[in-house]
$ cat entry-v7.txt   # compact mmCIF, C-alpha atoms
# COMPACT_ATOMS: atom_id res chain seq x y z
CA MET A 1 76.66 -54.94 -35.34
CA SER A 2 76.03 -51.95 -33.03
CA ASP A 3 74.11 -48.84 -34.01
CA LEU A 4 77.31 -46.82 -33.64
CA THR A 5 79.18 -49.00 -36.14
CA ILE A 6 76.27 -48.92 -38.60
CA GLY A 7 75.98 -45.16 -38.10
CA ILE A 8 79.65 -44.60 -38.91
CA GLU A 9 79.26 -46.66 -42.09
CA ILE A 10 76.21 -44.58 -43.05
CA ILE A 11 78.15 -41.34 -42.40
CA ILE A 12 80.99 -42.50 -44.68
CA ALA A 13 78.52 -43.60 -47.37
CA SER A 14 76.71 -40.24 -47.19
CA ILE A 15 79.95 -38.29 -47.55
CA ILE A 16 81.00 -40.35 -50.56
CA ALA A 17 77.57 -40.11 -52.22
CA ILE A 18 77.29 -36.31 -51.93
CA LEU A 19 80.94 -35.71 -52.82
CA VAL A 20 80.95 -37.97 -55.87
CA ILE A 21 77.66 -36.65 -57.26
CA SER A 22 78.75 -33.03 -56.76
CA ASN A 23 81.94 -33.87 -58.73
CA PRO A 24 84.37 -31.10 -57.65
CA VAL A 25 86.64 -32.03 -60.58
CA SER A 26 84.10 -30.73 -63.09
CA THR A 27 83.61 -27.60 -60.96
CA SER A 28 87.36 -27.05 -61.02
CA ALA A 29 87.46 -27.41 -64.81
CA ILE A 30 84.65 -24.89 -65.40
CA PHE A 31 86.17 -22.53 -62.81
CA ILE A 32 89.39 -22.38 -64.86
CA ALA A 33 87.44 -21.56 -68.02
CA LEU A 34 85.33 -18.86 -66.35
CA THR A 35 88.09 -17.05 -64.47
CA LYS A 36 90.63 -16.45 -67.21
CA GLY A 37 92.20 -13.05 -66.65
CA MET A 38 91.41 -12.97 -62.92
CA ASN A 39 94.14 -12.81 -60.31
CA SER A 40 94.36 -15.18 -57.33
CA VAL A 41 92.57 -12.75 -54.97
CA GLU A 42 89.63 -12.38 -57.35
CA ARG A 43 89.44 -16.15 -57.87
CA ARG A 44 89.39 -16.81 -54.13
CA ALA A 45 86.66 -14.20 -53.56
CA LEU A 46 84.58 -15.77 -56.34
CA ALA A 47 85.09 -19.29 -54.93
CA THR A 48 84.10 -18.09 -51.44
CA LYS A 49 80.91 -16.51 -52.75
CA SER A 50 80.05 -19.63 -54.74
CA VAL A 51 80.41 -22.03 -51.80
CA ARG A 52 78.28 -19.75 -49.63
CA TYR A 53 75.50 -20.06 -52.17
CA SER A 54 75.99 -23.84 -52.28
CA ILE A 55 75.87 -24.24 -48.50
CA GLY A 56 72.65 -22.24 -48.33
CA ILE A 57 71.02 -24.23 -51.13
CA LEU A 58 71.95 -27.68 -49.80
CA VAL A 59 71.13 -26.92 -46.16
CA PHE A 60 67.80 -25.39 -47.24
CA PHE A 61 66.81 -28.54 -49.14
CA SER A 62 68.06 -30.81 -46.35
CA VAL A 63 65.66 -29.05 -43.97
CA THR A 64 62.66 -28.47 -46.26
CA GLY A 65 62.99 -31.34 -48.71
CA LEU A 66 60.51 -33.59 -46.91
CA LEU A 67 57.81 -30.92 -47.28
CA VAL A 68 57.82 -31.72 -51.00
CA PHE A 69 56.18 -35.06 -50.22
CA GLN A 70 53.39 -33.43 -48.22
CA ILE A 71 52.77 -30.64 -50.73
CA PHE A 72 52.59 -32.85 -53.82
CA GLY A 73 51.25 -35.98 -52.16
CA PHE A 74 53.82 -38.55 -53.25
CA GLY A 75 55.83 -40.99 -51.19
CA ILE A 76 59.52 -41.37 -50.59
CA GLY A 77 59.59 -44.41 -52.86
CA ALA A 78 58.48 -42.35 -55.86
CA PHE A 79 60.98 -39.64 -55.01
CA ARG A 80 63.81 -42.14 -54.69
CA MET A 81 62.97 -43.62 -58.06
CA ALA A 82 62.74 -40.17 -59.67
CA GLY A 83 66.01 -39.21 -58.03
CA GLY A 84 67.62 -42.41 -59.26
CA VAL A 85 66.54 -41.65 -62.84
CA LEU A 86 67.89 -38.09 -62.55
CA LEU A 87 71.19 -39.29 -61.12
CA PHE A 88 71.44 -41.90 -63.86
CA SER A 89 71.20 -39.16 -66.50
CA THR A 90 73.81 -37.19 -64.54
CA ALA A 91 76.08 -40.24 -64.58
CA VAL A 92 75.65 -40.63 -68.35
CA GLY A 93 76.72 -37.00 -68.76
CA MET A 94 79.78 -37.61 -66.59
CA LEU A 95 80.73 -40.68 -68.63
CA ASN A 96 80.28 -38.66 -71.83
CA PRO A 97 81.35 -35.16 -70.76
CA LYS A 98 80.84 -32.08 -72.89
CA ASP A 99 83.73 -29.82 -73.63
CA SER A 100 84.11 -27.44 -70.68
CA GLY A 101 84.69 -24.56 -73.08
CA THR A 102 81.28 -25.13 -74.65
CA GLU A 103 79.59 -25.12 -71.25
CA ALA A 104 81.47 -21.98 -70.30
CA GLU A 105 79.95 -20.03 -73.17
CA GLU A 106 76.64 -19.69 -71.29
CA ARG A 107 77.74 -17.26 -68.62
CA SER A 108 75.72 -15.41 -66.04
CA LYS A 109 76.43 -11.98 -64.60
CA ASP A 110 76.89 -13.73 -61.28
CA ILE A 111 78.92 -16.81 -62.16
CA ALA A 112 79.31 -17.60 -58.45
CA LEU A 113 75.66 -18.69 -58.44
CA ILE A 114 75.25 -19.88 -62.03
CA PRO A 115 77.01 -22.00 -63.13
CA LEU A 116 79.53 -22.52 -60.30
CA SER A 117 76.97 -23.23 -57.57
CA ILE A 118 74.08 -24.33 -59.81
CA PRO A 119 74.37 -26.73 -61.58
CA PHE A 120 77.88 -27.72 -60.45
CA THR A 121 78.53 -27.75 -56.68
CA ALA A 122 74.84 -27.74 -55.67
CA GLY A 123 73.20 -29.06 -58.81
CA PRO A 124 69.96 -31.05 -59.14
CA GLY A 125 71.71 -34.37 -58.60
CA THR A 126 73.35 -33.18 -55.37
CA ILE A 127 70.07 -31.67 -54.12
CA VAL A 128 68.18 -34.91 -54.81
CA THR A 129 70.88 -36.91 -53.04
CA VAL A 130 70.74 -34.67 -49.95
CA VAL A 131 66.92 -34.84 -49.81
CA VAL A 132 66.82 -38.63 -50.22
CA LEU A 133 69.60 -39.23 -47.68
CA MET A 134 67.89 -36.94 -45.18
CA SER A 135 64.54 -38.71 -45.66
CA GLU A 136 66.27 -42.04 -45.01
CA ALA A 137 67.82 -40.55 -41.87
CA MET A 138 64.38 -39.43 -40.64
CA ASN A 139 63.01 -42.93 -41.25
CA ARG A 140 65.80 -44.44 -39.14
CA PHE A 141 64.64 -42.47 -36.08
CA THR A 142 61.65 -44.84 -35.81
CA GLY A 143 63.97 -47.79 -35.27
CA SER A 144 66.83 -46.17 -33.40
CA THR A 145 67.37 -42.60 -32.22
CA THR A 146 71.14 -43.11 -32.30
CA LEU A 147 71.06 -44.39 -35.87
CA GLY A 148 68.76 -41.58 -36.97
CA ALA A 149 70.95 -38.93 -35.35
CA LEU A 150 74.14 -40.36 -36.87
CA SER A 151 72.50 -40.60 -40.31
CA THR A 152 71.38 -36.96 -40.09
CA LEU A 153 74.87 -35.94 -38.97
CA GLY A 154 76.30 -37.85 -41.94
CA VAL A 155 74.27 -35.77 -44.40
CA TYR A 156 75.54 -32.48 -42.96
CA ILE A 157 79.11 -33.74 -42.75
CA GLY A 158 78.76 -34.84 -46.38
CA ILE A 159 77.55 -31.36 -47.37
CA PHE A 160 80.38 -29.54 -45.62
CA VAL A 161 83.08 -31.96 -46.80
CA THR A 162 81.82 -31.48 -50.36
CA ILE A 163 81.84 -27.69 -49.96
CA PHE A 164 85.35 -27.79 -48.46
CA VAL A 165 86.71 -29.97 -51.26
CA SER A 166 84.96 -27.90 -53.95
CA PHE A 167 86.37 -24.66 -52.50
CA ASN A 168 89.89 -26.02 -52.46
CA MET A 169 89.52 -27.46 -55.96
CA MET A 170 88.46 -24.03 -57.24
CA THR A 171 91.15 -22.05 -55.44
CA ASN A 172 93.80 -24.55 -56.56
CA SER A 173 92.25 -25.21 -59.96
CA GLU A 174 95.25 -24.18 -62.04
CA ARG A 175 97.63 -26.40 -60.04
CA ILE A 176 95.21 -29.36 -60.15
CA ASP A 177 94.63 -28.94 -63.87
CA ARG A 178 98.37 -28.95 -64.56
CA PHE A 179 98.80 -32.05 -62.40
CA LEU A 180 95.93 -34.08 -63.84
CA GLY A 181 96.14 -32.92 -67.42
CA GLU A 182 93.28 -33.51 -69.83
CA GLY A 183 93.68 -37.30 -69.69
CA GLY A 184 93.73 -37.49 -65.90
CA ARG A 185 90.73 -35.18 -65.61
CA ASN A 186 88.73 -37.35 -68.01
CA VAL A 187 89.66 -40.54 -66.12
CA VAL A 188 88.60 -39.08 -62.74
CA THR A 189 85.32 -37.75 -64.17
CA ARG A 190 84.45 -41.10 -65.74
CA LEU A 191 85.27 -43.02 -62.55
CA MET A 192 82.97 -40.68 -60.64
CA GLY A 193 80.35 -41.25 -63.33
CA LEU A 194 80.45 -45.00 -62.71
CA LEU A 195 80.00 -44.46 -58.97
CA VAL A 196 77.09 -42.07 -59.56
CA MET A 197 75.46 -44.64 -61.86
CA ALA A 198 75.74 -47.33 -59.18
CA ILE A 199 74.26 -44.98 -56.58
CA SER A 200 71.39 -44.06 -58.93
CA ILE A 201 70.53 -47.71 -59.53
CA GLN A 202 70.52 -48.33 -55.77
CA PHE A 203 68.14 -45.38 -55.32
CA VAL A 204 65.74 -46.95 -57.84
CA ILE A 205 65.99 -50.35 -56.12
CA ASN A 206 65.25 -48.73 -52.74
CA GLY A 207 62.29 -46.89 -54.28
CA VAL A 208 60.87 -50.11 -55.73
CA MET A 209 61.22 -51.82 -52.35
CA ASP A 210 59.35 -48.91 -50.75
CA ILE A 211 56.35 -49.12 -53.08
CA LEU A 212 56.11 -52.93 -53.29
CA PRO A 213 54.08 -53.33 -50.04
CA ASP A 214 51.53 -50.70 -51.21
CA PHE A 215 51.43 -52.25 -54.67
CA ALA A 216 50.84 -55.71 -53.20
CA ARG A 217 48.09 -54.33 -50.95
CA VAL A 218 46.32 -52.74 -53.93
CA LEU A 219 46.49 -56.04 -55.85
CA SER A 220 45.21 -57.92 -52.83
CA ASP A 221 42.29 -55.53 -52.33
CA SER A 222 41.36 -55.80 -55.99
CA GLY A 223 41.38 -59.62 -55.81
CA MET A 224 44.23 -59.94 -58.32
CA LEU A 225 46.60 -61.25 -55.64
CA VAL A 226 45.51 -64.28 -53.67
$ encode --input "entry-v7.txt" --output "structure tokens"
Amino acid sequence: MSDLTIGIEIIIASIIAILVISNPVSTSAIFIALTKGMNSVERRALATKSVRYSIGILVFFSVTGLLVFQIFGFGIGAFRMAGGVLLFSTAVGMLNPKDSGTEAEERSKDIALIPLSIPFTAGPGTIVTVVVLMSEAMNRFTGSTTLGALSTLGVYIGIFVTIFVSFNMMTNSERIDRFLGEGGRNVVTRLMGLLVMAISIQFVINGVMDILPDFARVLSDSGMLV
């Protein structure tokens, strides 16, 4: 299989991972609750402001995320495992969602940033996913420049596809809510929760595989592994 084919598969996987974990459906639901009484122009302006925040946050962490490893002195394996645990808890929340009205009670003066951007469109789970995917892309440069470049491109495409979908979900939230209904919204959210859970488990597996060589070396140096 060529690097181009593998790269395209990685791009698609990155888009799906970021989009699913961001969960634009939940953003749409909270947007409806927070914008009651607003007209369509006000809703669109609020959605535009929110996605600008989200783009800035996700691009910032995609660029600076790797500095976290250097500052705190831990490896990518530990971060992947921590990210997997965080995403697993996110998935549990998606499979057992809280009432959107309850979440909407905690409002900020600037709801474009909190809660529409954080923790919905660019929440902790999405940030972790972007950082981990970008670190994997950087690692691929050692084996293939083409594969590394395509992997990096996939992360940014994933970010902008997620922002585009989230924006349209917010601006068309009333129409989408009428179409899905409460039952349809719950089904979509739970399906996304299952996908997030699978992704989180894979992150943990990748993290374990990363630390196994170091763990084996420590055991060997201590004489516990012959």
$ closest_residue --input "entry-v7.txt" --among "A:Tyr156, A:Gly84, A:Tyr53, A:Ala29" --to "Gly207 of chain A" --atoms "all atoms listed in the file"
A:Gly84
$ closest_residue --input "entry-v7.txt" --among "A:Val51, A:Ala216, A:Leu191, A:Leu46" --to "Ile21 of chain A" --atoms "all atoms listed in the file"
A:Leu191
$ closest_atom_pairs --input "entry-v7.txt" --of "segment 151-215 of chain A" --to "segment 2-16 of chain A" --cutoff "10 Å" --atoms "all atoms listed in the file" --output "JSON lines"
{"residue": "A:Ser151", "atom": "CA", "partner": "A:Ile11", "partner_atom": "CA", "distance": 6.1}
{"residue": "A:Thr152", "atom": "CA", "partner": "A:Ile11", "partner_atom": "CA", "distance": 8.4}
{"residue": "A:Leu153", "atom": "CA", "partner": "A:Ile11", "partner_atom": "CA", "distance": 7.2}
{"residue": "A:Gly154", "atom": "CA", "partner": "A:Ile11", "partner_atom": "CA", "distance": 4.0}
{"residue": "A:Val155", "atom": "CA", "partner": "A:Ser14", "partner_atom": "CA", "distance": 5.8}
{"residue": "A:Tyr156", "atom": "CA", "partner": "A:Ile15", "partner_atom": "CA", "distance": 8.6}
{"residue": "A:Ile157", "atom": "CA", "partner": "A:Ile15", "partner_atom": "CA", "distance": 6.7}
{"residue": "A:Gly158", "atom": "CA", "partner": "A:Ile15", "partner_atom": "CA", "distance": 3.8}
{"residue": "A:Ile159", "atom": "CA", "partner": "A:Ile15", "partner_atom": "CA", "distance": 7.3}
{"residue": "A:Phe160", "atom": "CA", "partner": "A:Ile15", "partner_atom": "CA", "distance": 9.0}
{"residue": "A:Val161", "atom": "CA", "partner": "A:Ile15", "partner_atom": "CA", "distance": 7.1}
{"residue": "A:Thr162", "atom": "CA", "partner": "A:Ile15", "partner_atom": "CA", "distance": 7.6}
{"residue": "A:Leu195", "atom": "CA", "partner": "A:Ile16", "partner_atom": "CA", "distance": 9.4}
{"residue": "A:Val196", "atom": "CA", "partner": "A:Ile16", "partner_atom": "CA", "distance": 10.0}
$ closest_residue --input "entry-v7.txt" --among "A:Asp210, A:Ser50, A:Val25, A:Ala198" --to "Ile111 of chain A" --atoms "only C-alpha atoms"
A:Ser50
$ atom_distance --input "entry-v7.txt" --atom1 "atom CA of Leu86 of chain A" --atom2 "atom CA of Ser28 of chain A"
22.4 Å
$ atom_distance --input "entry-v7.txt" --atom1 "atom CA of Phe141 of chain A" --atom2 "atom CA of Arg217 of chain A"
25.2 Å
$ closest_residue --input "entry-v7.txt" --among "A:Ser117, A:Ser135, A:Thr126, A:Thr146" --to "Ile30 of chain A" --atoms "all atoms listed in the file"
A:Ser117
$ atom_distance --input "entry-v7.txt" --atom1 "atom CA of Met170 of chain A" --atom2 "atom CA of Ala47 of chain A"
6.3 Å
$ residues_around --input "entry-v7.txt" --residues "Ile32 of chain A" --least-positions-apart "5" --cutoff "9 Å" --atoms "only C-alpha atoms" --output "list in words"
Thr27, Met170, Ser173, Glu174 and Asp177 of chain A
$ closest_residue --input "entry-v7.txt" --among "A:Gln202, A:Thr48, A:Thr189, A:Thr142" --to "Ser26 of chain A" --atoms "all atoms listed in the file"
A:Thr189
$ closest_residue --input "entry-v7.txt" --among "A:Leu194, A:Val187, A:Leu147, A:Ile55" --to "Val130 of chain A" --atoms "all atoms listed in the file"
A:Ile55
$ residues_around --input "entry-v7.txt" --residues "segment 59-65 of chain A" --least-positions-apart "3" --cutoff "7 Å" --atoms "all atoms listed in the file" --output "MDAnalysis selection string"
chainID A and resid 55:56 68 127 130:131 134
